[in-house]
$ cat model-v3.cif   # mmCIF, C-alpha atoms
data_target
#
loop_
_atom_site.group_PDB
_atom_site.id
_atom_site.type_symbol
_atom_site.label_atom_id
_atom_site.label_comp_id
_atom_site.auth_asym_id
_atom_site.auth_seq_id
_atom_site.Cartn_x
_atom_site.Cartn_y
_atom_site.Cartn_z
ATOM 1 C CA MET A 783 -11.274 -0.919 12.917
ATOM 2 C CA ALA A 784 -9.323 0.387 9.939
ATOM 3 C CA LYS A 785 -9.919 -1.168 6.540
ATOM 4 C CA PHE A 786 -7.799 -0.797 3.442
ATOM 5 C CA THR A 787 -8.859 -1.352 -0.133
ATOM 6 C CA LYS A 788 -6.783 -2.811 -2.884
ATOM 7 C CA ASP A 789 -7.270 -1.602 -6.437
ATOM 8 C CA ILE A 790 -7.168 -4.543 -8.840
ATOM 9 C CA SER A 791 -8.317 -2.533 -11.840
ATOM 10 C CA LYS A 792 -5.199 -3.592 -13.774
ATOM 11 C CA LYS A 793 -6.482 -7.162 -13.793
ATOM 12 C CA VAL A 794 -9.989 -6.156 -14.935
ATOM 13 C CA PRO A 795 -9.601 -3.189 -17.327
ATOM 14 C CA GLU A 796 -13.325 -2.868 -18.189
ATOM 15 C CA GLU A 797 -14.388 -1.845 -14.708
ATOM 16 C CA LYS A 798 -12.715 -0.736 -11.520
ATOM 17 C CA VAL A 799 -13.027 -3.416 -8.861
ATOM 18 C CA GLN A 800 -12.167 -2.793 -5.210
ATOM 19 C CA VAL A 801 -11.130 -5.662 -2.948
ATOM 20 C CA GLU A 802 -11.239 -4.983 0.768
ATOM 21 C CA VAL A 803 -8.149 -5.833 2.740
ATOM 22 C CA ASN A 804 -9.023 -6.100 6.413
ATOM 23 C CA ILE A 805 -6.550 -5.202 9.111
ATOM 24 C CA GLU A 806 -6.818 -8.835 10.266
ATOM 25 C CA ASP A 807 -5.307 -9.861 6.924
ATOM 26 C CA ILE A 808 -2.413 -7.444 7.374
ATOM 27 C CA LEU A 809 -1.778 -8.573 10.958
ATOM 28 C CA SER A 810 -1.828 -12.244 9.954
ATOM 29 C CA PRO A 811 1.501 -14.067 10.392
ATOM 30 C CA LEU A 812 1.134 -15.285 6.784
ATOM 31 C CA TYR A 813 0.895 -11.755 5.335
ATOM 32 C CA PHE A 814 3.592 -10.572 2.941
ATOM 33 C CA PRO A 815 3.186 -7.117 1.392
ATOM 34 C CA PRO A 816 2.393 -7.004 -2.321
ATOM 35 C CA PRO A 817 4.842 -5.020 -4.499
ATOM 36 C CA GLU A 818 2.741 -1.821 -4.430
ATOM 37 C CA ASP A 819 2.778 -1.896 -0.595
ATOM 38 C CA GLN A 820 6.507 -2.595 -0.126
ATOM 39 C CA MET A 821 8.904 0.042 1.174
ATOM 40 C CA ARG A 822 12.669 0.150 1.676
ATOM 41 C CA GLN A 823 14.466 1.492 4.751
ATOM 42 C CA LYS A 824 15.150 4.899 3.209
ATOM 43 C CA GLU A 825 11.464 5.372 2.310
ATOM 44 C CA VAL A 826 10.409 4.363 5.833
ATOM 45 C CA ALA A 827 12.923 6.816 7.317
ATOM 46 C CA GLU A 828 11.450 9.607 5.172
ATOM 47 C CA MET A 829 7.925 8.572 6.177
ATOM 48 C CA PHE A 830 8.766 8.852 9.891
ATOM 49 C CA SER A 831 11.097 11.886 9.434
ATOM 50 C CA THR A 832 14.016 10.051 10.980
ATOM 51 C CA THR A 833 17.262 8.349 9.956
ATOM 52 C CA VAL A 834 17.809 4.950 8.396
ATOM 53 C CA GLN A 835 19.750 3.903 11.510
ATOM 54 C CA THR A 836 16.698 4.650 13.664
ATOM 55 C CA ILE A 837 14.570 2.439 11.391
ATOM 56 C CA ILE A 838 17.161 -0.346 11.747
ATOM 57 C CA ASN A 839 17.085 0.088 15.543
ATOM 58 C CA TRP A 840 13.257 0.012 15.626
ATOM 59 C CA SER A 841 13.252 -3.144 13.497
ATOM 60 C CA THR A 842 15.832 -4.831 15.732
ATOM 61 C CA ALA A 843 13.877 -3.835 18.863
ATOM 62 C CA GLY A 844 10.621 -5.129 17.350
ATOM 63 C CA LYS A 845 8.880 -1.736 17.304
ATOM 64 C CA ILE A 846 8.132 -2.089 13.587
ATOM 65 C CA PRO A 847 7.774 -5.356 11.644
ATOM 66 C CA THR A 848 10.246 -6.283 8.935
ATOM 67 C CA PHE A 849 9.875 -8.768 6.108
ATOM 68 C CA ARG A 850 12.924 -10.196 4.393
ATOM 69 C CA VAL A 851 13.650 -11.006 0.781
ATOM 70 C CA GLY A 852 17.021 -12.679 1.139
ATOM 71 C CA LYS A 853 19.015 -10.168 3.159
ATOM 72 C CA VAL A 854 16.999 -7.141 2.038
ATOM 73 C CA PRO A 855 14.548 -5.801 4.647
ATOM 74 C CA ILE A 856 11.088 -4.962 3.313
ATOM 75 C CA TYR A 857 8.404 -2.941 5.126
ATOM 76 C CA SER A 858 4.647 -2.791 4.550
ATOM 77 C CA ARG A 859 3.263 0.743 4.150
ATOM 78 C CA LYS A 860 -0.213 -0.296 5.361
ATOM 79 C CA LEU A 861 1.170 -2.072 8.403
ATOM 80 C CA LEU A 862 3.423 0.892 9.281
ATOM 81 C CA ILE A 863 0.479 3.288 9.021
ATOM 82 C CA TYR A 864 -1.554 1.028 11.304
ATOM 83 C CA ILE A 865 1.301 0.851 13.840
ATOM 84 C CA ALA A 866 1.899 4.623 13.702
ATOM 85 C CA ARG A 867 -1.783 5.288 14.433
ATOM 86 C CA ASN A 868 -1.605 3.099 17.522
ATOM 87 C CA ASN A 869 1.873 4.194 18.647
ATOM 88 C CA ARG A 870 2.107 7.997 18.390
ATOM 89 C CA ASN A 871 5.566 8.141 20.015
ATOM 90 C CA LEU A 872 7.037 6.851 16.729
ATOM 91 C CA LEU A 873 5.889 10.054 15.029
ATOM 92 C CA LYS A 874 7.813 13.305 15.309
ATOM 93 C CA SER A 875 5.909 16.550 15.579
#

$ encode --input "model-v3.cif" --output "structure tokens"
Amino acid sequence: MAKFTKDISKKVPEEKVQVEVNIEDILSPLYFPPPEDQMRQKEVAEMFSTTVQTIINWSTAGKIPTFRVGKVPIYSRKLLIYIARNNRNLLKS
């Protein structure tokens, strides 16, 4: 199972400390992406080599998860990478 690490070296400048972030944490219904993991629709469209409208359609259809801050949709880079690995038809050749 994939594991991600989070660099918290900014909090502890003397030494670099790695905190493991398990995929179970990311898939938890209580997960909200930290600022360094957040992406906007345009960035997600570039990541998948598609249009913003396609990203909106995928979000509406439930193919990719969306978080909301007010009316602004937010996406998690780590969660999108996990979904893309398990759903290759989202990726263009």

$ atom_distance --input "model-v3.cif" --atom1 "CA of Ile846 (chain A)" --atom2 "CA of Pro815 (chain A)"
14.1 Å

$ closest_residue --input "model-v3.cif" --among "A:Val826, A:Leu861, A:Ala866, A:Leu872" --to "Ile838 (chain A)" --atoms "only C-alpha atoms"
A:Val826

$ resolve_selection --input "model-v3.cif" --expression "the PyMOL selection byres ((chain A and resi 845) around 12)" --output "JSON, numbers by chain"
{"A": [836, 837, 838, 839, 840, 841, 842, 843, 844, 846, 847, 848, 861, 862, 865, 866, 868, 869, 870, 871, 872]}

$ atom_distance --input "model-v3.cif" --atom1 "CA of Arg867 (chain A)" --atom2 "CA of Arg850 (chain A)"
23.6 Å

$ closest_residue --input "model-v3.cif" --among "A:Met829, A:Tyr864, A:Val854, A:Phe849" --to "Phe814 (chain A)" --atoms "only C-alpha atoms"
A:Phe849

$ axis_aligned_box --input "model-v3.cif" --around "region 825-837 of chain A" --padding-each-side "5 Å" --output "AutoDock Vina command-line options"
--center_x 13.8 --center_y 7.2 --center_z 8.0 --size_x 21.8 --size_y 19.4 --size_z 21.4

$ atom_distance --input "model-v3.cif" --atom1 "CA of Ser831 (chain A)" --atom2 "CA of Pro817 (chain A)"
22.8 Å

$ closest_residue --input "model-v3.cif" --among "A:Pro855, A:Tyr813, A:Lys860, A:Glu818" --to "Val834 (chain A)" --atoms "all atoms listed in the file"
A:Pro855

$ residues_around --input "model-v3.cif" --residues "Gln820 (chain A)" --least-positions-apart "3" --cutoff "8 Å" --atoms "only C-alpha atoms" --output "list in words"
Pro815, Pro816, Pro817, Ile856, Tyr857, Ser858 and Arg859 of chain A

$ build_atoms --input "model-v3.cif" --residues "region 812-830 of chain A" --atoms "N, CA and C atoms" --output "mmCIF file, in the coordinates of the input"
data_model
loop_
_atom_site.group_PDB
_atom_site.id
_atom_site.type_symbol
_atom_site.label_atom_id
_atom_site.label_comp_id
_atom_site.auth_asym_id
_atom_site.auth_seq_id
_atom_site.Cartn_x
_atom_site.Cartn_y
_atom_site.Cartn_z
ATOM 1 N N LEU A 812 0.882 -14.826 8.152
ATOM 2 C CA LEU A 812 1.134 -15.285 6.784
ATOM 3 C C LEU A 812 1.176 -14.140 5.772
ATOM 4 N N TYR A 813 0.945 -12.911 6.231
ATOM 5 C CA TYR A 813 0.895 -11.755 5.335
ATOM 6 C C TYR A 813 2.290 -11.393 4.830
ATOM 7 N N PHE A 814 2.391 -11.138 3.544
ATOM 8 C CA PHE A 814 3.592 -10.572 2.941
ATOM 9 C C PHE A 814 3.133 -9.450 2.029
ATOM 10 N N PRO A 815 3.700 -8.259 2.160
ATOM 11 C CA PRO A 815 3.186 -7.117 1.392
ATOM 12 C C PRO A 815 3.337 -7.292 -0.117
ATOM 13 N N PRO A 816 2.286 -6.965 -0.861
ATOM 14 C CA PRO A 816 2.393 -7.004 -2.321
ATOM 15 C C PRO A 816 3.351 -5.906 -2.793
ATOM 16 N N PRO A 817 3.839 -5.985 -4.019
ATOM 17 C CA PRO A 817 4.842 -5.020 -4.499
ATOM 18 C C PRO A 817 4.441 -3.549 -4.338
ATOM 19 N N GLU A 818 3.159 -3.218 -4.547
ATOM 20 C CA GLU A 818 2.741 -1.821 -4.430
ATOM 21 C C GLU A 818 2.710 -1.335 -2.980
ATOM 22 N N ASP A 819 2.816 -2.240 -2.018
ATOM 23 C CA ASP A 819 2.778 -1.896 -0.595
ATOM 24 C C ASP A 819 4.172 -1.956 0.043
ATOM 25 N N GLN A 820 5.170 -2.407 -0.691
ATOM 26 C CA GLN A 820 6.507 -2.595 -0.126
ATOM 27 C C GLN A 820 7.286 -1.285 -0.079
ATOM 28 N N MET A 821 8.056 -1.131 0.997
ATOM 29 C CA MET A 821 8.904 0.042 1.174
ATOM 30 C C MET A 821 10.298 -0.407 1.584
ATOM 31 N N ARG A 822 11.296 0.392 1.260
ATOM 32 C CA ARG A 822 12.669 0.150 1.676
ATOM 33 C C ARG A 822 12.972 1.022 2.893
ATOM 34 N N GLN A 823 14.110 0.779 3.523
ATOM 35 C CA GLN A 823 14.466 1.492 4.751
ATOM 36 C C GLN A 823 14.504 3.004 4.553
ATOM 37 N N LYS A 824 15.054 3.458 3.456
ATOM 38 C CA LYS A 824 15.150 4.899 3.209
ATOM 39 C C LYS A 824 13.765 5.532 3.111
ATOM 40 N N GLU A 825 12.831 4.857 2.441
ATOM 41 C CA GLU A 825 11.464 5.372 2.310
ATOM 42 C C GLU A 825 10.771 5.419 3.664
ATOM 43 N N VAL A 826 11.006 4.399 4.490
ATOM 44 C CA VAL A 826 10.409 4.363 5.833
ATOM 45 C C VAL A 826 10.988 5.489 6.680
ATOM 46 N N ALA A 827 12.287 5.730 6.565
ATOM 47 C CA ALA A 827 12.923 6.816 7.317
ATOM 48 C C ALA A 827 12.323 8.164 6.922
ATOM 49 N N GLU A 828 12.086 8.368 5.638
ATOM 50 C CA GLU A 828 11.450 9.607 5.172
ATOM 51 C C GLU A 828 10.016 9.705 5.687
ATOM 52 N N MET A 829 9.305 8.595 5.702
ATOM 53 C CA MET A 829 7.925 8.572 6.177
ATOM 54 C C MET A 829 7.832 8.993 7.644
ATOM 55 N N PHE A 830 8.778 8.538 8.465
ATOM 56 C CA PHE A 830 8.766 8.852 9.891
ATOM 57 C C PHE A 830 9.652 10.059 10.228
#
